[in-house]
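Containing TSV, C-alpha atoms: query16.tsv.
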```
chain	number	residue	atom	x	y	z
E	1	MET	CA	-3.68	20.67	5.11
E	2	ALA	CA	-5.10	17.49	6.60
E	3	SER	CA	-6.42	17.86	10.12
E	4	ASP	CA	-6.24	14.14	10.95
E	5	PRO	CA	-3.09	13.60	13.06
E	6	GLU	CA	-2.46	10.29	11.29
E	7	ALA	CA	-2.09	12.24	8.03
E	8	THR	CA	1.30	13.38	9.36
E	9	ALA	CA	2.31	9.88	10.44
E	10	ARG	CA	6.07	9.48	10.55
E	11	LEU	CA	7.65	7.28	7.92
E	12	PRO	CA	10.81	5.42	8.93
E	13	GLY	CA	14.06	7.12	7.96
E	14	GLY	CA	15.18	6.49	4.39
E	15	VAL	CA	11.61	5.88	3.19
E	16	SER	CA	9.63	8.33	1.07
E	17	VAL	CA	6.30	8.19	-0.76
E	18	GLY	CA	5.41	9.93	-4.01
E	19	HIS	CA	2.19	10.26	-6.00
E	20	TRP	CA	1.29	10.87	-9.64
E	21	THR	CA	-2.35	11.88	-10.02
E	22	ASP	CA	-4.57	12.14	-13.11
E	23	GLU	CA	-7.60	13.96	-11.72
E	24	ALA	CA	-9.37	14.10	-15.10
E	25	GLY	CA	-8.88	10.39	-15.83
E	26	ARG	CA	-9.51	9.41	-12.18
E	27	THR	CA	-6.41	7.26	-11.82
E	28	GLY	CA	-2.84	7.50	-10.60
E	29	CYS	CA	0.07	5.72	-8.98
E	30	THR	CA	1.92	5.82	-5.67
E	31	VAL	CA	5.55	4.78	-5.12
E	32	VAL	CA	7.16	3.79	-1.83
E	33	LEU	CA	10.89	4.44	-2.29
E	34	VAL	CA	13.79	2.99	-0.33
E	35	PRO	CA	16.81	3.69	-2.57
E	36	GLY	CA	19.19	2.35	0.07
E	37	GLY	CA	17.36	-0.97	0.02
E	38	ALA	CA	15.17	-2.78	2.53
E	39	VAL	CA	14.50	-6.40	3.43
E	40	PRO	CA	11.26	-7.29	1.60
E	41	GLY	CA	8.26	-9.49	2.16
E	42	VAL	CA	4.85	-9.96	0.53
E	43	ASP	CA	1.54	-11.71	1.04
E	44	VAL	CA	-1.10	-11.94	-1.71
E	45	ARG	CA	-4.69	-12.91	-0.92
E	46	GLY	CA	-8.10	-12.67	-2.51
E	47	GLY	CA	-9.10	-14.13	-5.84
E	48	ALA	CA	-8.24	-11.33	-8.26
E	49	PRO	CA	-4.68	-10.06	-7.72
E	50	GLY	CA	-2.61	-8.05	-10.17
E	51	THR	CA	1.05	-7.99	-9.15
E	52	LEU	CA	4.62	-7.57	-10.36
E	53	GLY	CA	7.83	-9.07	-8.98
E	54	THR	CA	6.31	-10.73	-5.93
E	55	ASP	CA	8.09	-14.08	-6.34
E	56	ALA	CA	11.49	-12.42	-5.81
E	57	LEU	CA	10.37	-11.15	-2.39
E	58	ARG	CA	9.58	-14.55	-0.94
E	59	PRO	CA	11.97	-16.53	1.31
E	60	GLY	CA	14.49	-18.71	-0.46
E	61	THR	CA	15.19	-16.30	-3.32
E	62	VAL	CA	18.47	-14.51	-3.98
E	63	ASP	CA	17.25	-10.92	-3.67
E	64	ASP	CA	17.49	-9.85	-0.03
E	65	GLN	CA	16.77	-6.18	-0.76
E	66	ALA	CA	14.03	-4.26	-2.57
E	67	HIS	CA	14.26	-0.60	-3.56
E	68	ALA	CA	10.68	0.42	-4.34
E	69	ILE	CA	7.09	-0.76	-4.29
E	70	LEU	CA	4.63	0.52	-6.89
E	71	LEU	CA	0.94	0.82	-5.98
E	72	THR	CA	-1.00	1.76	-9.10
E	73	GLY	CA	-4.36	2.28	-10.70
E	74	GLY	CA	-5.08	1.32	-14.28
E	75	SER	CA	-5.44	-2.40	-13.59
E	76	ALA	CA	-2.67	-4.50	-15.19
E	77	PHE	CA	-2.01	-1.67	-17.66
E	78	GLY	CA	-0.76	0.43	-14.76
E	79	LEU	CA	2.16	-1.90	-14.11
E	80	ALA	CA	3.89	-0.06	-16.97
E	81	ALA	CA	4.61	2.65	-14.40
E	82	ALA	CA	7.25	0.33	-12.89
E	83	ASP	CA	9.50	1.07	-15.90
E	84	GLY	CA	9.70	4.71	-14.81
E	85	VAL	CA	10.46	3.70	-11.21
E	86	MET	CA	13.27	1.46	-12.48
E	87	ARG	CA	14.72	4.30	-14.55
E	88	TYR	CA	14.59	6.72	-11.62
E	89	LEU	CA	16.40	4.29	-9.32
E	90	GLU	CA	18.97	3.43	-11.99
E	91	GLU	CA	19.80	7.13	-12.33
E	92	LEU	CA	20.39	7.20	-8.55
E	93	GLY	CA	22.74	4.24	-8.80
E	94	ALA	CA	20.44	2.13	-6.64
E	95	GLY	CA	19.98	-1.56	-7.24
E	96	PHE	CA	21.11	-5.15	-6.80
E	97	ALA	CA	24.80	-5.33	-7.76
E	98	ILE	CA	25.70	-7.94	-10.36
E	99	GLY	CA	29.30	-7.23	-11.33
E	100	PRO	CA	29.41	-3.65	-12.64
E	101	ALA	CA	25.64	-3.61	-13.22
E	102	ARG	CA	23.00	-2.52	-10.75
E	103	VAL	CA	19.42	-3.73	-11.15
E	104	PRO	CA	16.76	-1.99	-9.01
E	105	ILE	CA	14.36	-4.44	-7.40
E	106	VAL	CA	10.85	-3.06	-7.87
E	107	ALA	CA	7.64	-4.92	-7.05
E	108	GLY	CA	4.07	-3.72	-7.31
E	109	ALA	CA	0.34	-4.31	-7.24
E	110	VAL	CA	-2.67	-2.78	-8.99
E	111	ILE	CA	-6.23	-1.74	-8.32
E	112	PHE	CA	-8.96	-1.77	-10.96
E	113	ASP	CA	-10.24	1.77	-11.51
E	114	LEU	CA	-10.80	1.73	-15.27
E	115	LEU	CA	-14.56	2.31	-14.97
E	116	THR	CA	-14.28	5.14	-12.45
E	117	GLY	CA	-13.09	7.75	-14.95
E	118	ASP	CA	-11.58	7.67	-18.44
E	119	LEU	CA	-11.28	4.04	-19.57
E	120	ARG	CA	-8.14	4.90	-21.56
E	121	ALA	CA	-6.41	6.74	-18.70
E	122	ARG	CA	-3.81	4.67	-16.91
E	123	PRO	CA	-0.38	5.28	-15.37
E	124	ASP	CA	2.64	4.70	-17.62
E	125	ALA	CA	6.43	4.86	-17.30
E	126	ALA	CA	6.40	8.66	-17.26
E	127	ALA	CA	3.85	8.56	-14.43
E	128	GLY	CA	6.02	6.22	-12.37
E	129	TYR	CA	9.06	8.44	-12.86
E	130	ALA	CA	7.06	11.54	-11.92
E	131	ALA	CA	5.78	9.87	-8.75
E	132	CYS	CA	9.39	9.17	-7.72
E	133	GLN	CA	10.32	12.80	-8.33
E	134	GLU	CA	7.53	13.88	-5.96
E	135	ALA	CA	8.49	11.46	-3.19
E	136	THR	CA	8.59	12.99	0.28
E	137	ALA	CA	8.54	11.96	3.92
E	138	GLN	CA	5.21	13.82	4.32
E	139	PRO	CA	3.05	12.63	1.41
E	140	ALA	CA	-0.55	13.61	0.75
E	141	VAL	CA	-3.42	11.27	1.61
E	142	GLY	CA	-6.96	10.81	0.30
E	143	ALA	CA	-7.97	10.95	-3.37
E	144	VAL	CA	-4.42	11.09	-4.68
E	145	GLY	CA	-2.01	8.79	-6.51
E	146	ALA	CA	-3.20	5.19	-6.68
E	147	GLY	CA	-6.25	6.15	-4.62
E	148	THR	CA	-7.56	8.76	-7.08
E	149	GLY	CA	-10.16	6.47	-8.64
E	150	ALA	CA	-10.54	4.03	-5.75
E	151	THR	CA	-13.99	3.17	-4.40
E	152	VAL	CA	-15.24	0.97	-1.55
E	153	ALA	CA	-18.43	-0.63	-0.20
E	154	LYS	CA	-19.53	-2.20	-3.49
E	155	ALA	CA	-20.78	-5.57	-2.20
E	156	GLY	CA	-24.34	-6.34	-3.20
E	157	GLY	CA	-24.42	-3.63	-5.84
E	158	GLY	CA	-25.00	-0.62	-3.58
E	159	PRO	CA	-23.65	2.81	-4.56
E	160	PRO	CA	-19.88	2.86	-3.93
E	161	ARG	CA	-18.15	5.33	-1.63
E	162	PRO	CA	-14.81	7.03	-2.38
E	163	GLY	CA	-11.68	5.17	-1.38
E	164	GLY	CA	-8.20	6.62	-1.39
E	165	VAL	CA	-4.69	6.47	0.05
E	166	GLY	CA	-4.14	6.41	3.81
E	167	ILE	CA	-1.00	6.41	5.97
E	168	ALA	CA	-0.73	5.50	9.64
E	169	ALA	CA	2.21	4.82	11.96
E	170	VAL	CA	2.38	2.76	15.16
E	171	PRO	CA	5.34	2.27	17.52
E	172	ALA	CA	6.77	-1.21	18.04
E	173	GLY	CA	9.30	-1.12	20.85
E	174	ALA	CA	12.28	0.87	19.58
E	175	ALA	CA	10.98	0.63	16.02
E	176	THR	CA	8.34	2.44	13.98
E	177	VAL	CA	5.83	0.64	11.76
E	178	ALA	CA	3.93	2.61	9.10
E	179	ALA	CA	1.35	1.45	6.58
E	180	VAL	CA	0.68	3.06	3.20
E	181	MET	CA	-2.65	1.65	2.01
E	182	VAL	CA	-4.91	2.04	-1.03
E	183	ALA	CA	-8.55	1.19	-0.26
E	184	ASN	CA	-10.61	-0.07	-3.23
E	185	SER	CA	-12.66	-2.88	-1.71
E	186	VAL	CA	-15.83	-4.88	-2.27
E	187	GLY	CA	-16.50	-4.61	1.45
E	188	GLY	CA	-17.61	-1.72	3.58
E	189	ILE	CA	-15.11	0.05	5.83
E	190	TRP	CA	-15.37	-0.33	9.60
E	191	ASP	CA	-13.56	2.10	11.91
E	192	ASP	CA	-12.34	-0.21	14.69
E	193	GLU	CA	-11.27	2.67	16.92
E	194	ARG	CA	-14.47	4.73	16.71
E	195	HIS	CA	-16.64	1.59	16.52
E	196	GLU	CA	-18.61	2.93	13.56
E	197	TRP	CA	-18.84	2.52	9.80
E	198	ALA	CA	-16.61	4.84	7.78
E	199	ALA	CA	-18.26	3.53	4.61
E	200	PRO	CA	-21.18	1.14	5.19
E	201	LEU	CA	-22.61	-1.24	2.66
E	202	ALA	CA	-25.96	-0.30	1.17
E	203	PRO	CA	-28.89	-1.38	3.37
E	204	GLY	CA	-29.94	-4.88	2.49
E	205	ALA	CA	-26.85	-5.51	0.38
E	206	GLY	CA	-26.23	-9.20	-0.08
E	207	ALA	CA	-23.10	-11.26	-0.56
E	208	PRO	CA	-20.47	-9.99	-3.00
E	209	GLY	CA	-21.17	-10.65	-6.65
E	210	PRO	CA	-19.48	-9.65	-9.90
E	211	VAL	CA	-18.99	-5.94	-9.29
E	212	ALA	CA	-18.40	-3.47	-12.12
E	213	GLY	CA	-15.20	-1.63	-11.28
E	214	ALA	CA	-13.64	-4.61	-9.48
E	215	ASN	CA	-11.79	-4.25	-6.21
E	216	THR	CA	-8.60	-4.65	-4.24
E	217	THR	CA	-6.95	-3.29	-1.10
E	218	ILE	CA	-3.19	-3.01	-1.54
E	219	GLY	CA	-0.41	-1.45	0.47
E	220	VAL	CA	3.04	-1.44	1.99
E	221	VAL	CA	4.09	-1.86	5.61
E	222	VAL	CA	7.43	-0.10	6.19
E	223	THR	CA	9.47	-0.40	9.35
E	224	ASP	CA	12.91	0.56	10.59
E	225	ALA	CA	13.14	-2.69	12.56
E	226	GLY	CA	15.84	-5.13	11.58
E	227	LEU	CA	14.07	-8.18	10.15
E	228	THR	CA	15.08	-11.23	8.18
E	229	LYS	CA	13.36	-11.94	4.88
E	230	GLU	CA	11.33	-14.69	6.54
E	231	GLN	CA	10.22	-12.28	9.27
E	232	ALA	CA	9.34	-9.59	6.72
E	233	ASN	CA	7.12	-12.09	4.92
E	234	ARG	CA	5.43	-12.95	8.22
E	235	VAL	CA	4.82	-9.25	8.87
E	236	ALA	CA	3.14	-8.96	5.46
E	237	ALA	CA	0.97	-11.98	6.26
E	238	VAL	CA	-0.09	-10.80	9.73
E	239	ALA	CA	-0.73	-7.30	8.36
E	240	HIS	CA	-3.69	-8.77	6.46
E	241	ASP	CA	-5.41	-8.96	9.85
E	242	GLY	CA	-5.63	-5.17	9.55
E	243	ILE	CA	-7.52	-5.53	6.27
E	244	ALA	CA	-9.91	-7.95	7.96
E	245	ARG	CA	-10.49	-5.47	10.80
E	246	ALA	CA	-11.29	-2.59	8.47
E	247	VAL	CA	-12.81	-4.20	5.36
E	248	ARG	CA	-15.98	-6.26	5.75
E	249	PRO	CA	-16.10	-8.66	4.00
E	250	ALA	CA	-12.40	-8.94	3.16
E	251	HIS	CA	-10.30	-11.21	0.93
E	252	THR	CA	-13.20	-12.18	-1.34
E	253	ARG	CA	-12.67	-13.76	-4.73
E	254	TYR	CA	-13.45	-10.36	-6.23
E	255	ASP	CA	-10.55	-8.73	-4.34
E	256	GLY	CA	-6.83	-9.07	-5.01
E	257	ASP	CA	-5.66	-7.95	-1.57
E	258	THR	CA	-1.86	-7.62	-1.44
E	259	ILE	CA	0.46	-6.31	1.27
E	260	PHE	CA	4.21	-5.78	0.96
E	261	CYS	CA	6.69	-5.28	3.78
E	262	LEU	CA	9.94	-3.29	3.69
E	263	ALA	CA	12.29	-3.39	6.69
E	264	THR	CA	15.20	-0.94	6.65
E	265	GLY	CA	16.86	-2.04	9.90
E	266	THR	CA	17.85	1.52	10.81
E	267	ALA	CA	16.13	1.66	14.22
E	268	ALA	CA	18.42	1.85	17.23
E	269	PRO	CA	18.37	-1.53	19.01
E	270	SER	CA	16.49	-1.48	22.27
E	271	GLY	CA	19.20	-3.46	24.04
E	272	THR	CA	16.56	-5.58	25.79
E	273	ALA	CA	14.19	-7.23	23.31
E	274	PRO	CA	15.67	-10.11	21.27
E	275	VAL	CA	15.04	-10.05	17.53
E	276	PRO	CA	12.18	-12.63	17.59
E	277	ALA	CA	10.36	-10.56	20.24
E	278	LEU	CA	10.81	-7.37	18.18
E	279	ALA	CA	9.42	-9.16	15.13
E	280	ASP	CA	6.33	-10.08	17.16
E	281	LEU	CA	5.85	-6.43	18.12
E	282	VAL	CA	6.21	-5.37	14.49
E	283	GLU	CA	3.61	-7.92	13.36
E	284	ALA	CA	1.04	-6.65	15.87
E	285	ALA	CA	1.79	-3.01	15.03
E	286	ALA	CA	1.52	-3.74	11.30
E	287	ALA	CA	-2.05	-5.05	11.63
E	288	GLU	CA	-3.04	-1.98	13.64
E	289	ALA	CA	-1.37	0.46	11.23
E	290	VAL	CA	-3.03	-1.17	8.21
E	291	ALA	CA	-6.50	-0.93	9.76
E	292	ARG	CA	-5.96	2.73	10.68
E	293	ALA	CA	-4.56	3.60	7.25
E	294	ILE	CA	-7.52	2.02	5.42
E	295	THR	CA	-10.00	3.95	7.55
E	296	GLN	CA	-8.10	7.17	6.99
E	297	ALA	CA	-7.95	6.50	3.23
E	298	VAL	CA	-11.75	6.39	3.07
E	299	ARG	CA	-12.39	9.33	5.37
E	300	GLU	CA	-9.88	11.54	3.56
E	301	GLY	CA	-10.80	10.15	0.13
E	302	GLY	CA	-14.28	11.56	0.53
E	303	ARG	CA	-12.73	14.99	1.05
E	304	GLY	CA	-10.39	14.88	-1.93
E	305	ASN	CA	-6.61	15.36	-2.09
E	306	ARG	CA	-5.33	16.15	1.40
E	307	GLY	CA	-1.79	17.35	1.97
E	308	ALA	CA	0.10	16.06	4.97
```

Would you mind writing the file out in structure tokens?
Amino acid sequence: MASDPEATARLPGGVSVGHWTDEAGRTGCTVVLVPGGAVPGVDVRGGAPGTLGTDALRPGTVDDQAHAILLTGGSAFGLAAADGVMRYLEELGAGFAIGPARVPIVAGAVIFDLLTGDLRARPDAAAGYAACQEATAQPAVGAVGAGTGATVAKAGGGPPRPGGVGIAAVPAGAATVAAVMVANSVGGIWDDERHEWAAPLAPGAGAPGPVAGANTTIGVVVTDAGLTKEQANRVAAVAHDGIARAVRPAHTRYDGDTIFCLATGTAAPSGTAPVPALADLVEAAAAEAVARAITQAVREGGRGNRGA
């Protein structure tokens, strides 16, 4: 059992997280499930992203709900796991209604972990389905799921440190904001609360260069606040401030940093704060939760698979 109190961070109601882990191949995938649907947003930065379905989450598109976000290892190969997530949601009857048909809206992002373990090991449709079956409100953190083969602090060619999956929650007025993050960065990891390095760069390491193993920090901010699609996209954008707090340097051309947002709208209204003010609170909380989750991912990743 994880001793870190953030390992038991509360996910908003209706949201669950599941992992599929290949310990031998050093890869895996993590699924954030909201079968009832949530207002989505996304923000993609860095120079080397690998994503699926992000255009549908932007303002001005017809889909106003998403049902799952896939975070996966295996580089672009790992996006095949989305097929299993789609099948799982279809069996639940979840999806965007088009006449008698329902189409689950699933988006995702990848990390590059092919050189960490078995080059041929990568998540597939069966892995995505299995991750959905394991989804829970108290998921494990550390070297599990998409964080199994993640590494950090690779700038300048120093020896990398283990990355992983981290989860942290922060209150925002009457709402809760949680971040599910996978840390696999070029940069070192700075703990902004303890004011110390969780994973420093090698002494004398220079600017980032082409790094074997590649890099990316990806994740999902989930909240029970009621947000519009435009606001959810702003939350995803501001949440990148959390990456910048924890990952140094961040958003390099060797990273494909991507953050999604899912807003369920199930929080009881405060009765005092207007919606724009609540959205501001959620944005600030999202940046804090992302920074905390990244730090936790690295601290717990060095210890292995940690149950919550």

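CA of Val144 in chain E is found 6.7 Å from CA of Gly164 in chain E.
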
If we count all atoms listed in the file, what is near Gly28 in chain E at a cut-off of 8 Å, once residues fewer than 2 positions away on the same chain are taken out, given as a PyMOL selection string?
chain E and resi 19-22+26+30+72-74+122-123+127+144-149

Taking (8.5, -7.3, 4.9) in the file's coordinates, which residues come within 10 Å, counting all atoms listed in the file, written as a ChimeraX atom specification?
/E:38-43,57-58,66,220-223,227-237,239,259-264,283

Name the residues in contact with range 105-112 of chain E at a cut-off of 6 Å, using all atoms listed in the file, excluding same-chain residues fewer than 3 positions from it; report them as an MDAnalysis selection string.
chainID E and resid 50:53 66:75 214 216

Restricting the output to C-alpha atoms, write the selected residues as a PDB file, in the frame of the given file.
```pdb
ATOM      1  CA  GLY E  50      -2.610  -8.050 -10.170  1.00  0.00           C
ATOM      2  CA  THR E  51       1.050  -7.990  -9.150  1.00  0.00           C
ATOM      3  CA  LEU E  52       4.620  -7.570 -10.360  1.00  0.00           C
ATOM      4  CA  GLY E  53       7.830  -9.070  -8.980  1.00  0.00           C
ATOM      5  CA  ALA E  66      14.030  -4.260  -2.570  1.00  0.00           C
ATOM      6  CA  HIS E  67      14.260  -0.600  -3.560  1.00  0.00           C
ATOM      7  CA  ALA E  68      10.680   0.420  -4.340  1.00  0.00           C
ATOM      8  CA  ILE E  69       7.090  -0.760  -4.290  1.00  0.00           C
ATOM      9  CA  LEU E  70       4.630   0.520  -6.890  1.00  0.00           C
ATOM     10  CA  LEU E  71       0.940   0.820  -5.980  1.00  0.00           C
ATOM     11  CA  THR E  72      -1.000   1.760  -9.100  1.00  0.00           C
ATOM     12  CA  GLY E  73      -4.360   2.280 -10.700  1.00  0.00           C
ATOM     13  CA  GLY E  74      -5.080   1.320 -14.280  1.00  0.00           C
ATOM     14  CA  SER E  75      -5.440  -2.400 -13.590  1.00  0.00           C
ATOM     15  CA  ALA E 214     -13.640  -4.610  -9.480  1.00  0.00           C
ATOM     16  CA  THR E 216      -8.600  -4.650  -4.240  1.00  0.00           C
TER      17      THR E 216
END
```

Take CA of Leu92 in chain E and CA of Thr61 in chain E and report the distance between them in Å, one decimal.
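Distance reported for this atom pair: 24.6 Å.
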
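CA of Gln138 in chain E lies 15.1 Å from CA of Gln296 in chain E.
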
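Excluding Ala24 in chain E itself and same-chain residues fewer than 4 positions from it, the residues having an atom within 10 Å of it are E:Gly117, E:Asp118, E:Ala121, E:Thr148, counting all atoms listed in the file.
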
Same residues, C-alpha atoms, output as a CSV table (one decimal), in the frame of the given file:
```csv
chain,number,residue,atom,x,y,z
E,117,GLY,CA,-13.1,7.8,-15.0
E,118,ASP,CA,-11.6,7.7,-18.4
E,121,ALA,CA,-6.4,6.7,-18.7
E,148,THR,CA,-7.6,8.8,-7.1
```

Restricting the calculation to all atoms listed in the file, which member of E:Val165, E:Ala94, E:Ala155, E:Val290 is positioned closest to Arg253 in chain E?
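Looking at the shortest contact to Arg253 in chain E, the residue is E:Ala155.
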
For Ala225 in chain E, which residue out of E:Ile243, E:Ile167, E:Leu278, E:Val186 is the nearest one, using only C-alpha atoms?
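Residue with the minimum atom-to-atom distance to Ala225 in chain E: E:Leu278.
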
Identify which of the residues E:Pro162, E:Pro276, E:Gly95, E:Pro12 lies closest to Ala178 in chain E, counting all atoms listed in the file when measuring atom-to-atom distances.
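Smallest distance to Ala178 in chain E is found for E:Pro12.
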
Measuring atom to atom with only C-alpha atoms, identify which of E:Ala277, E:Ile98, E:Ala48, E:Ala131 is nearest to Val31 in chain E.
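Checking each of E:Ala277, E:Ile98, E:Ala48, E:Ala131 against Val31 in chain E, counting only C-alpha atoms, the winner is E:Ala131.
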
Need to verify the contact set: Asp241 in chain E, 9 Å, all atoms listed in the file, exclusion of same-chain residues closer than 4 positions in sequence. Can you return it as JSON, numbers by chain?
{"E": [237, 245, 246, 286, 287, 288, 290, 291]}

Which one of E:Gly242, E:Pro171, E:Gly60, E:Gly256 sits closest to Asn184 in chain E if you count all atoms listed in the file?
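The shortest atom-to-atom distance to Asn184 in chain E comes from E:Gly256.
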
Would you fill out range 216-224 of chain E with all heavy atoms and return it as a compact mmCIF listing (two decimals), in the frame of the given file?
```txt
# COMPACT_ATOMS: atom_id res chain seq x y z
N THR E 216 -9.84 -4.18 -4.82
CA THR E 216 -8.60 -4.65 -4.24
C THR E 216 -8.11 -3.64 -3.22
O THR E 216 -8.15 -2.45 -3.47
CB THR E 216 -7.49 -4.86 -5.29
OG1 THR E 216 -7.77 -6.02 -6.06
CG2 THR E 216 -6.13 -5.06 -4.65
N THR E 217 -7.64 -4.12 -2.08
CA THR E 217 -6.95 -3.29 -1.10
C THR E 217 -5.49 -3.68 -1.12
O THR E 217 -5.16 -4.85 -0.92
CB THR E 217 -7.54 -3.50 0.30
OG1 THR E 217 -8.92 -3.09 0.29
CG2 THR E 217 -6.79 -2.67 1.34
N ILE E 218 -4.62 -2.73 -1.42
CA ILE E 218 -3.19 -3.01 -1.54
C ILE E 218 -2.40 -2.01 -0.69
O ILE E 218 -2.90 -0.94 -0.35
CB ILE E 218 -2.71 -2.93 -3.01
CG1 ILE E 218 -2.98 -1.54 -3.61
CG2 ILE E 218 -3.37 -4.02 -3.84
CD1 ILE E 218 -2.47 -1.37 -5.04
N GLY E 219 -1.19 -2.39 -0.32
CA GLY E 219 -0.41 -1.45 0.47
C GLY E 219 0.95 -1.98 0.84
O GLY E 219 1.34 -3.11 0.50
N VAL E 220 1.68 -1.14 1.58
CA VAL E 220 3.04 -1.44 1.99
C VAL E 220 3.18 -1.13 3.48
O VAL E 220 2.83 -0.04 3.92
CB VAL E 220 4.08 -0.60 1.21
CG1 VAL E 220 5.49 -1.05 1.57
CG2 VAL E 220 3.84 -0.68 -0.29
N VAL E 221 3.69 -2.09 4.23
CA VAL E 221 4.09 -1.86 5.61
C VAL E 221 5.59 -1.59 5.60
O VAL E 221 6.37 -2.40 5.08
CB VAL E 221 3.79 -3.08 6.49
CG1 VAL E 221 4.41 -2.92 7.87
CG2 VAL E 221 2.29 -3.28 6.61
N VAL E 222 6.01 -0.44 6.13
CA VAL E 222 7.43 -0.10 6.19
C VAL E 222 7.83 0.05 7.65
O VAL E 222 7.08 0.60 8.46
CB VAL E 222 7.73 1.19 5.41
CG1 VAL E 222 7.59 0.96 3.92
CG2 VAL E 222 6.84 2.34 5.85
N THR E 223 8.99 -0.47 7.98
CA THR E 223 9.47 -0.40 9.35
C THR E 223 10.97 -0.21 9.37
O THR E 223 11.68 -0.64 8.44
CB THR E 223 9.09 -1.67 10.14
OG1 THR E 223 9.59 -1.57 11.47
CG2 THR E 223 9.66 -2.92 9.49
N ASP E 224 11.46 0.43 10.42
CA ASP E 224 12.91 0.56 10.59
C ASP E 224 13.46 -0.55 11.48
O ASP E 224 14.64 -0.52 11.85
CB ASP E 224 13.28 1.94 11.14
CG ASP E 224 12.46 2.34 12.36
OD1 ASP E 224 11.77 1.48 12.93
OD2 ASP E 224 12.51 3.52 12.73
```
